[in-house]
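**Q** Handing over query-v1.cif, mmCIF, C-alpha atoms.
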```cif
data_my_file
loop_
_atom_site.label_atom_id
_atom_site.label_comp_id
_atom_site.auth_asym_id
_atom_site.auth_seq_id
_atom_site.Cartn_x
_atom_site.Cartn_y
_atom_site.Cartn_z
CA MET A 25 166.84 105.25 91.30
CA LYS A 26 167.26 108.36 89.22
CA LEU A 27 165.76 111.63 90.40
CA THR A 28 163.37 111.75 87.45
CA SER A 29 162.18 108.23 88.23
CA LYS A 30 161.67 109.10 91.90
CA LEU A 31 159.75 112.18 90.83
CA ALA A 32 157.56 110.15 88.50
CA VAL A 33 156.80 107.59 91.21
CA THR A 34 156.05 110.32 93.75
CA THR A 35 153.81 112.11 91.28
CA ALA A 36 152.01 108.89 90.40
CA ILE A 37 151.43 108.09 94.08
CA GLY A 38 150.23 111.61 94.71
CA LEU A 39 147.84 111.51 91.78
CA GLY A 40 146.58 108.12 92.93
CA LEU A 41 145.87 109.44 96.40
CA MET A 42 144.13 112.47 94.93
CA ALA A 43 142.01 110.22 92.72
CA SER A 44 141.08 108.06 95.71
CA ALA A 45 140.17 111.14 97.70
CA ALA A 46 138.10 112.44 94.81
CA THR A 47 136.13 109.21 94.44
CA ALA A 48 135.68 108.43 98.14
CA ALA A 49 132.23 109.37 99.45
CA ASP A 50 132.03 111.86 102.28
CA VAL A 51 128.76 110.32 103.43
CA THR A 52 127.22 106.86 103.08
CA LEU A 53 123.56 106.46 103.97
CA ARG A 54 122.17 103.00 104.69
CA ILE A 55 118.50 102.87 103.69
CA GLN A 56 116.03 99.98 103.72
CA SER A 57 113.01 99.58 101.45
CA HIS A 58 110.40 96.83 101.53
CA GLN A 59 110.17 97.05 97.74
CA GLY A 60 111.89 94.50 95.52
CA THR A 61 114.43 95.52 92.91
CA ASN A 62 112.15 94.50 90.04
CA THR A 63 109.06 96.39 91.20
CA THR A 64 108.16 99.74 89.68
CA GLN A 65 109.14 101.60 92.83
CA GLY A 66 112.24 99.45 93.25
CA ARG A 67 113.52 100.48 89.82
CA LEU A 68 112.83 104.13 90.59
CA LEU A 69 114.65 103.83 93.92
CA ALA A 70 117.74 102.73 91.99
CA ASN A 71 117.43 105.95 89.95
CA PHE A 72 117.11 107.94 93.18
CA VAL A 73 120.34 106.41 94.50
CA ASP A 74 122.13 107.27 91.27
CA ASP A 75 120.71 110.82 91.18
CA VAL A 76 122.00 111.59 94.67
CA ASN A 77 125.43 110.20 93.85
CA VAL A 78 125.74 112.08 90.55
CA MET A 79 124.42 115.40 91.88
CA THR A 80 126.91 115.33 94.77
CA ASP A 81 129.84 114.32 92.50
CA GLY A 82 130.09 111.03 94.36
CA GLU A 83 130.29 112.68 97.78
CA VAL A 84 127.07 111.03 98.98
CA GLU A 85 126.51 107.33 98.43
CA ILE A 86 123.37 105.41 99.33
CA GLU A 87 123.53 101.75 100.25
CA MET A 88 119.98 100.61 99.51
CA PHE A 89 118.72 97.40 101.07
CA TYR A 90 115.77 96.06 99.06
CA SER A 91 113.03 93.62 100.06
CA SER A 92 113.61 94.30 103.78
CA ALA A 93 117.00 92.60 103.66
CA VAL A 94 118.24 93.91 107.03
CA VAL A 95 115.16 93.72 109.28
CA ALA A 96 111.46 92.97 108.79
CA SER A 97 109.50 95.72 107.04
CA ALA A 98 107.62 96.75 110.18
CA GLU A 99 110.92 97.00 112.08
CA THR A 100 112.61 99.39 109.62
CA PHE A 101 111.52 102.59 111.37
CA ASP A 102 112.93 101.37 114.71
CA ALA A 103 116.09 100.08 113.02
CA ALA A 104 116.74 103.59 111.67
CA SER A 105 115.83 105.24 114.96
CA ASN A 106 118.22 102.91 116.84
CA GLY A 107 121.16 103.27 114.46
CA ILE A 108 121.11 99.88 112.73
CA ILE A 109 120.45 101.73 109.45
CA ASP A 110 120.13 105.44 108.72
CA CYS A 111 116.83 105.86 106.89
CA ASP A 112 113.47 104.16 106.44
CA MET A 113 111.90 103.87 103.00
CA THR A 114 108.95 101.66 103.92
CA ASN A 115 105.43 102.64 104.98
CA GLY A 116 104.32 104.74 107.92
CA SER A 117 101.29 102.53 108.58
CA TYR A 118 103.61 99.83 109.91
CA GLN A 119 103.95 102.02 113.01
CA THR A 120 100.23 102.37 113.76
CA GLY A 121 100.78 100.26 116.88
CA LYS A 122 102.93 103.07 118.27
CA ASN A 123 100.25 105.67 117.64
CA PRO A 124 97.09 105.58 115.44
CA ALA A 125 98.28 108.88 113.94
CA PHE A 126 100.73 106.90 111.76
CA GLN A 127 97.74 105.58 109.76
CA PHE A 128 97.16 109.09 108.44
CA VAL A 129 100.77 109.44 107.32
CA ALA A 130 100.40 106.54 104.90
CA ASP A 131 96.76 106.10 103.86
CA THR A 132 93.67 108.14 104.67
CA MET A 133 91.43 105.54 103.00
CA GLY A 134 89.16 107.45 100.62
CA GLY A 135 90.43 110.90 101.50
CA TYR A 136 92.05 111.80 98.18
CA ASP A 137 91.11 110.94 94.60
CA THR A 138 94.60 111.28 93.10
CA PRO A 139 98.20 110.90 94.30
CA MET A 140 98.88 114.54 93.47
CA GLN A 141 96.20 115.66 95.92
CA TYR A 142 97.82 113.69 98.72
CA LEU A 143 101.29 114.87 97.72
CA ALA A 144 100.02 118.44 97.68
CA TRP A 145 98.97 117.95 101.32
CA VAL A 146 102.50 116.72 102.14
CA ASN A 147 104.33 119.48 100.30
CA PHE A 148 102.02 122.49 100.43
CA GLY A 149 99.25 121.69 102.88
CA GLY A 150 101.14 121.36 106.15
CA GLY A 151 101.52 117.58 105.89
CA ARG A 152 105.30 117.49 106.17
CA GLU A 153 105.21 119.68 109.27
CA ALA A 154 102.46 117.57 110.86
CA ILE A 155 104.34 114.34 110.17
CA ASN A 156 107.59 115.70 111.55
CA GLU A 157 105.81 116.77 114.72
CA LEU A 158 104.68 113.14 115.07
CA TYR A 159 108.13 111.70 114.21
CA ALA A 160 110.26 114.00 116.38
CA PRO A 161 109.81 112.07 119.67
CA TYR A 162 111.09 108.94 117.91
CA GLY A 163 114.26 110.71 116.74
CA MET A 164 113.20 110.57 113.08
CA HIS A 165 112.93 113.22 110.36
CA PHE A 166 110.38 112.85 107.55
CA VAL A 167 111.85 113.91 104.19
CA GLY A 168 109.02 113.07 101.81
CA ALA A 169 106.45 110.63 100.47
CA GLN A 170 106.19 108.57 97.31
CA VAL A 171 102.89 107.13 96.07
CA GLY A 172 101.97 105.81 92.64
CA GLY A 173 98.20 105.97 92.63
CA GLN A 174 94.91 104.54 93.77
CA GLU A 175 94.61 100.79 94.25
CA SER A 176 91.91 98.86 92.39
CA LEU A 177 89.47 96.67 94.29
CA ASN A 178 88.96 93.39 92.44
CA SER A 179 86.05 90.98 92.59
CA SER A 180 84.43 87.86 91.15
CA LYS A 181 81.15 89.82 91.17
CA PRO A 182 80.19 93.16 89.58
CA LEU A 183 81.20 96.33 91.49
CA PRO A 184 79.27 99.09 89.69
CA GLY A 185 78.84 101.29 92.76
CA ILE A 186 78.68 101.59 96.50
CA GLU A 187 75.51 99.45 96.75
CA ALA A 188 77.57 96.44 95.55
CA LEU A 189 79.47 96.49 98.84
CA ASP A 190 76.48 95.08 100.72
CA ALA A 191 77.55 91.62 102.01
CA PHE A 192 80.68 91.81 99.81
CA LYS A 193 83.24 89.37 101.23
CA PHE A 194 86.76 90.49 100.45
CA ARG A 195 90.31 90.25 101.69
CA SER A 196 91.25 93.33 103.70
CA PRO A 197 94.29 94.38 105.68
CA PRO A 198 93.57 94.98 109.38
CA GLY A 199 92.79 98.35 110.88
CA MET A 200 90.81 101.33 109.66
CA GLU A 201 89.96 99.90 106.22
CA THR A 202 88.07 97.03 107.80
CA GLU A 203 86.03 99.45 109.92
CA ILE A 204 85.13 101.65 106.94
CA PHE A 205 83.90 98.80 104.75
CA GLN A 206 81.95 97.22 107.60
CA SER A 207 80.08 100.50 108.05
CA LEU A 208 79.01 100.24 104.39
CA GLY A 209 77.65 96.71 104.77
CA ALA A 210 80.65 94.76 103.46
CA SER A 211 82.17 91.73 105.16
CA PRO A 212 85.93 92.29 105.12
CA ILE A 213 88.05 89.28 106.03
CA VAL A 214 91.55 89.95 107.32
CA MET A 215 94.04 87.58 105.73
CA ASP A 216 97.63 87.55 104.54
CA PHE A 217 98.36 88.74 101.00
CA THR A 218 99.66 85.27 100.10
CA GLU A 219 96.27 83.67 100.81
CA ILE A 220 94.33 85.75 98.26
CA PHE A 221 94.52 83.37 95.29
CA THR A 222 93.38 80.25 97.15
CA ALA A 223 90.59 82.19 98.88
CA LEU A 224 89.33 83.57 95.55
CA GLU A 225 89.50 80.20 93.80
CA THR A 226 87.60 78.42 96.59
CA GLY A 227 84.99 81.16 97.00
CA ILE A 228 85.93 81.99 100.58
CA ILE A 229 86.04 85.60 99.43
CA ASP A 230 84.32 87.45 96.58
CA GLY A 231 87.24 89.80 96.02
CA ALA A 232 90.36 91.37 97.44
CA ASP A 233 92.09 94.60 98.21
CA ALA A 234 95.48 93.89 96.68
CA SER A 235 97.19 96.67 94.73
CA THR A 236 97.02 98.89 91.64
CA LEU A 237 95.52 97.73 88.35
CA ALA A 238 98.98 97.14 86.88
CA VAL A 239 100.28 95.18 89.88
CA ASN A 240 97.07 93.12 90.10
CA THR A 241 97.53 92.26 86.43
CA SER A 242 101.16 91.24 86.89
CA LEU A 243 100.19 89.05 89.84
CA GLY A 244 97.56 87.20 87.80
CA ILE A 245 94.62 88.19 90.01
CA TYR A 246 92.47 88.95 86.96
CA ASP A 247 92.79 85.37 85.82
CA ILE A 248 90.30 84.68 88.62
CA ALA A 249 88.56 87.96 89.48
CA LYS A 250 86.85 89.40 86.40
CA HIS A 251 85.60 92.68 87.89
CA THR A 252 87.64 95.63 89.14
CA THR A 253 87.36 99.29 90.02
CA TYR A 254 89.37 101.78 87.98
CA PRO A 255 90.33 104.46 88.79
CA GLY A 256 90.39 103.21 92.35
CA PHE A 257 88.61 104.93 95.20
CA HIS A 258 89.40 103.21 98.47
CA SER A 259 93.14 103.07 99.14
CA MET A 260 96.27 104.91 98.09
CA SER A 261 99.03 103.78 100.41
CA SER A 262 102.14 105.98 100.44
CA ASP A 263 105.71 105.00 101.24
CA GLN A 264 108.21 107.45 102.69
CA LEU A 265 111.78 108.58 103.15
CA ALA A 266 112.48 109.23 106.82
CA CYS A 267 115.96 109.48 108.34
CA ARG A 268 117.28 109.47 111.88
CA THR A 269 117.28 113.08 113.03
CA ASP A 270 120.95 113.24 114.01
CA VAL A 271 121.95 111.74 110.65
CA TRP A 272 119.81 114.23 108.73
CA GLU A 273 120.96 117.23 110.73
CA GLY A 274 124.58 116.08 110.36
CA LEU A 275 124.39 116.41 106.58
CA LYS A 276 125.62 119.57 104.90
CA PRO A 277 122.70 121.78 103.77
CA SER A 278 123.74 121.20 100.17
CA TYR A 279 123.47 117.43 100.67
CA GLN A 280 120.06 117.81 102.28
CA ARG A 281 118.87 119.88 99.34
CA VAL A 282 120.14 117.32 96.83
CA ILE A 283 118.39 114.46 98.63
CA GLU A 284 115.15 116.46 98.86
CA THR A 285 115.35 117.35 95.16
CA ALA A 286 116.18 113.79 94.08
CA HIS A 287 113.32 112.51 96.21
CA LYS A 288 110.85 114.95 94.62
CA LYS A 289 111.96 113.60 91.23
CA LEU A 290 111.28 110.08 92.50
CA MET A 291 107.92 111.30 93.79
CA ALA A 292 106.86 112.68 90.39
CA ASP A 293 108.32 109.80 88.38
CA TYR A 294 106.41 107.26 90.48
CA VAL A 295 103.08 109.00 89.75
CA MET A 296 103.82 109.18 86.02
CA VAL A 297 105.14 105.64 85.59
CA THR A 298 102.22 104.20 87.56
CA MET A 299 99.80 106.12 85.32
CA VAL A 300 101.47 104.66 82.22
CA GLU A 301 101.56 101.10 83.59
CA ASN A 302 97.94 101.30 84.73
CA GLY A 303 96.95 102.56 81.28
CA GLU A 304 98.73 99.63 79.63
CA ALA A 305 97.01 97.24 82.02
CA LEU A 306 93.62 98.86 81.34
CA ALA A 307 94.05 98.20 77.62
CA LYS A 308 94.42 94.47 78.38
CA MET A 309 91.23 94.21 80.44
CA PRO A 310 88.78 93.54 77.53
CA GLU A 311 90.85 90.68 76.10
CA MET A 312 91.14 89.22 79.60
CA GLY A 313 87.38 89.39 80.00
CA VAL A 314 87.60 91.87 82.88
CA THR A 315 84.96 94.56 83.43
CA THR A 316 86.13 97.84 84.96
CA TYR A 317 83.98 100.19 87.02
CA ASP A 318 84.59 103.91 87.45
CA TRP A 319 82.49 104.92 90.44
CA SER A 320 80.40 108.06 90.21
CA ALA A 321 81.29 111.24 92.08
CA GLU A 322 78.28 110.60 94.32
CA ASP A 323 79.45 107.10 95.29
CA ARG A 324 82.99 108.31 95.88
CA SER A 325 81.59 111.05 98.12
CA LYS A 326 79.59 108.47 100.10
CA PHE A 327 82.70 106.38 100.60
CA ARG A 328 84.65 109.47 101.67
CA ASP A 329 81.92 110.29 104.20
CA ALA A 330 82.18 106.77 105.63
CA ALA A 331 85.96 107.13 105.78
CA LYS A 332 85.65 110.43 107.59
CA GLY A 333 83.38 108.74 110.12
CA ALA A 334 86.19 106.27 110.85
CA TRP A 335 88.65 109.16 111.02
CA GLU A 336 86.57 110.74 113.79
CA GLU A 337 86.73 107.54 115.83
CA TRP A 338 90.47 107.18 115.27
CA ALA A 339 90.97 110.84 116.14
CA LYS A 340 89.67 110.08 119.62
CA LYS A 341 92.45 107.58 120.25
CA THR A 342 95.35 110.02 120.73
CA PRO A 343 95.96 113.78 120.54
CA GLU A 344 98.44 113.17 117.72
CA ALA A 345 95.82 111.28 115.68
CA ALA A 346 93.37 114.13 116.24
CA LYS A 347 95.90 116.66 114.93
CA MET A 348 96.64 114.58 111.86
CA VAL A 349 92.95 114.12 111.06
CA GLU A 350 92.30 117.85 111.42
CA SER A 351 95.20 118.58 109.07
CA HIS A 352 93.71 116.34 106.37
CA LYS A 353 90.18 117.65 106.85
CA ALA A 354 91.33 121.26 106.55
CA PHE A 355 93.25 120.52 103.36
CA LEU A 356 90.41 118.53 101.77
CA LYS A 357 88.17 121.54 102.33
CA ARG A 358 90.88 123.88 101.02
CA ILE A 359 91.10 122.05 97.68
CA GLY A 360 87.34 121.60 97.33
CA LEU A 361 87.00 117.85 97.95
CA THR A 362 84.70 118.43 100.94
CA ASN A 363 82.39 121.23 102.02
#
```
Kindly present the structure from the file in structure tokens form.
**A**
Amino acid sequence: MKLTSKLAVTTAIGLGLMASAATAADVTLRIQSHQGTNTTQGRLLANFVDDVNVMTDGEVEIEMFYSSAVVASAETFDAASNGIIDCDMTNGSYQTGKNPAFQFVADTMGGYDTPMQYLAWVNFGGGREAINELYAPYGMHFVGAQVGGQESLNSSKPLPGIEALDAFKFRSPPGMETEIFQSLGASPIVMDFTEIFTALETGIIDGADASTLAVNTSLGIYDIAKHTTYPGFHSMSSDQLACRTDVWEGLKPSYQRVIETAHKKLMADYVMVTMVENGEALAKMPEMGVTTYDWSAEDRSKFRDAAKGAWEEWAKKTPEAAKMVESHKAFLKRIGLTN
């Protein structure tokens, strides 16, 4: 082989190796979400993955497992803590069995009127610090929260205000929500999400706590239930990004900052897209024969008072729950939602 040919081959090999080195990720994070790829949040998670990759010039890749593909949703936190995956992008309430304080990471039930109020608690009201104090013993680091908006309660009967909850039979998830509605005279029935349609059709329940107005519409719930609350008042469940502490601390500060920034973009986008999708769903309600009810400030305040009563009982369960409740109460007062 001629010298020039050898040189060309050597140069080509060298350039190839350099190209491989340039495209190879320095870090790969394995993250599980319980969201499906076609859900609103699932689509935004794909954007989050791409944002992190682009902003780090390909040095950080995220392998996202959707629809709880690796372990069951409730096992994601432990899977990250134990090294099966690196980060959890599910819901903190799945861990309420570990400590009731986890309930107040994900859903205060009536505490906040808008997602931005809750996110303000996380980012500027001491929420992130309170959550990380709770997560530290489990070897996990809380990065941030993502929540779209209030869920809409749906019903086969009118729901004009808080008085309509008397003897109202509806599907409810277990836990604090059931206790709050019982205190207001309702008859919550704990059942799996998949049983809602049959229970509504047969009259076993009058209504259901399912999801947001847009998601309820996509599921076909309003084909049966012709009454709904909007904007919602009772539940605003938030998902999270939480990573194993040693994984997070092992990242370069620049990588941490990129992930935090990309997640805040996800956080804001989720609020905005949910607002748009709920607005589009709201426009369809009249033609679907669905009546919407926007509860008065007085009724919302009564529900919040009932929720706070449940908070006080849950705060007695563990010191960590007490701290979390006090953090929320102080912030609600700070932003003028309570006296």
**Q** Quick one: everything within 12 Å of range 66-75 of chain A, counting only C-alpha atoms, minus sequence neighbours fewer than 5 positions away in the same chain. Send it as number ranges by chain.
**A** A: 52-61, 80-92, 113-114, 170-172, 263-265, 279, 282-298
**Q** What separation in Å, quoted to one decimal, exists between CA of Thr252 in chain A and CA of Leu177 in chain A?
**A**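 It comes out at 5.6 Å.
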**Q** Expanded to explicit residues, what is the PyMOL selection byres ((chain A and resi 204-220) around 10) for this file, as number ranges by chain?
**A** A: 133-134, 186-203, 221-225, 228-234, 245, 258, 326-335
**Q** Need to verify the contact set: Trp272 in chain A, 12 Å, all atoms listed in the file, exclusion of same-chain residues closer than 3 positions in sequence. Can you return it as a PyMOL selection string?
**A** chain A and resi 51-53+104-105+110-111+163-167+265-269+275-281+283-284
**Q** Go ahead and compute the interatomic distance for CA of Gly121 in chain A and CA of Gly256 in chain A, in Å to one decimal.
**A**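 Going from CA of Gly121 in chain A over to CA of Gly256 in chain A covers 26.8 Å.
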**Q** CA of Ala305 in chain A and CA of Pro182 in chain A are how many Å apart?
**A**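 Atom-to-atom, CA of Ala305 in chain A to CA of Pro182 in chain A, that is 18.9 Å.
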**Q** Using all atoms listed in the file, find the one residue out of A:Ser325, A:Ala154, A:Asp318, A:Asn123 that sits nearest to Asn363 in chain A.
**A** A:Ser325
**Q** Find the residue from A:Gly360, A:Gly116, A:Gly173, A:Gly185 that sits nearest to Val300 in chain A; use all atoms listed in the file when measuring.
**A** A:Gly173
**Q** Using all atoms listed in the file, pick whichever of A:Pro124, A:Gly149, A:Pro255, A:Gly274 has the shortest atom-to-atom distance to Ser235 in chain A.
**A** A:Pro255
**Q** I would like the residues chosen by the PyMOL selection byres ((chain A and resi 174) around 7) on the shown file; could you give them as a list in words?
**A**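 For this structure, the PyMOL selection byres ((chain A and resi 174) around 7) captures Thr138, Gly173, Glu175, Ser176, Thr236, Pro255, Gly256, Phe257, Ser259 and Met260 of chain A.
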**Q** Once the PyMOL selection byres ((chain A and resi 119) around 10) is applied to the coordinates I shared, what remains selected? I want it as a tab-separated table (two decimals) with C-alpha atoms, in the coordinates of the input.
**A**
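Just written: expr_12.tsv:
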```
chain	number	residue	atom	x	y	z
A	98	ALA	CA	107.62	96.75	110.18
A	99	GLU	CA	110.92	97.00	112.08
A	100	THR	CA	112.61	99.39	109.62
A	101	PHE	CA	111.52	102.59	111.37
A	102	ASP	CA	112.93	101.37	114.71
A	115	ASN	CA	105.43	102.64	104.98
A	116	GLY	CA	104.32	104.74	107.92
A	117	SER	CA	101.29	102.53	108.58
A	118	TYR	CA	103.61	99.83	109.91
A	120	THR	CA	100.23	102.37	113.76
A	121	GLY	CA	100.78	100.26	116.88
A	122	LYS	CA	102.93	103.07	118.27
A	123	ASN	CA	100.25	105.67	117.64
A	124	PRO	CA	97.09	105.58	115.44
A	125	ALA	CA	98.28	108.88	113.94
A	126	PHE	CA	100.73	106.90	111.76
A	127	GLN	CA	97.74	105.58	109.76
A	129	VAL	CA	100.77	109.44	107.32
A	130	ALA	CA	100.40	106.54	104.90
```
